[in-house]
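See structure below.
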Amino acid sequence: MDKFELEVVAALRELEIPVHMKGYRFIKTAMNILRYNPSAIYAVIKLYGTVAEKENSTASRVERGIRHALGSANSDFLTQKKVLGTARDLSNSEFLATLAEVIKVKMATDLVSARKSQ
């Protein structure tokens with residue numbers, strides 16, 4: 001597991017998204033796709049299809065699984081604000097795009113901090 005994947009897992013755990021749900025795994029897979037192809041978020045239906053292929057599922061099950069996992073999260077709006085920078089209900093695509101952006105910014109910030117301390 002690399003730094004990006006660890007950051008995704010840390011964020012999902014902080015948001016208290018249940019690990020045992022398929023949606024949790026679907027989110028992790030979607031994040032890996034968005035990591036290498038950020039523009040995939042603009043064709044979210046195609047993104048669901050790509051996740052479905054990787055996870056041996058269907059696009060509709062992926063969409064529903066992610067929505068269900070987000071709805072089952074036990075975190076409050078304060079935690080969501082801390083992790084994602086927003087405290088409102090997000091659609092699946094808004095959540096995925098926001099999480100991808102937050103993790104990329106965090107990793108870039110960590111890299112700059114590490115370089116300054118050397």
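Ordering of the structure tokens sets the chain letters (A, B, ...); residue numbers start at 1 within each chain; ligands are numbered from 1 in the order shown.
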
Neighbouring residues of Asn32 in chain A were defined as those with any atom within 12 Å, considering only C-alpha atoms; residues of the same chain fewer than 6 positions away were excluded. Please report them as a list in words. Met1, Asp2, Lys3, Phe4, Glu5, Leu6, Glu7, Val8, Val9, Arg25, Phe26, Pro38, Ala40, Ile41, Leu47, Thr50, Val51, Lys54, Leu96, Ala97, Leu99, Ala100, Ile103 and Lys104 of chain A

Tell me, which residues of range 13-72 of chain A carry DSSP helix (DSSP H, G or I), written as an MDAnalysis selection string? chainID A and resid 13:14 22:36 38:55 59:72

Which range 89-118 of chain A residues have any atom within 9 Å of an atom of range 58-70 of chain A, and for each, what is the nearest pair of atoms with distance in Å to one decimal, counting only C-alpha atoms, rows sorted by chain and number, as a Markdown table?
```
| residue | atom | partner | partner_atom | distance |
| --- | --- | --- | --- | --- |
| A:Leu90 | CA | A:Leu70 | CA | 8.9 |
| A:Ser91 | CA | A:Arg67 | CA | 7.8 |
| A:Asn92 | CA | A:Arg67 | CA | 6.2 |
| A:Phe95 | CA | A:Leu70 | CA | 8.8 |
```

Please write the residues from the selection above to a file, keeping C-alpha atoms, as a PDB file, in the first residue's frame.
```pdb
ATOM      1  CA  LEU A  90     -22.502  15.534  -1.201  1.00  0.00           C
ATOM      2  CA  SER A  91     -23.523  13.440  -4.157  1.00  0.00           C
ATOM      3  CA  ASN A  92     -21.337  10.450  -5.020  1.00  0.00           C
ATOM      4  CA  PHE A  95     -17.675  13.227  -2.702  1.00  0.00           C
TER       5      PHE A  95
END
```
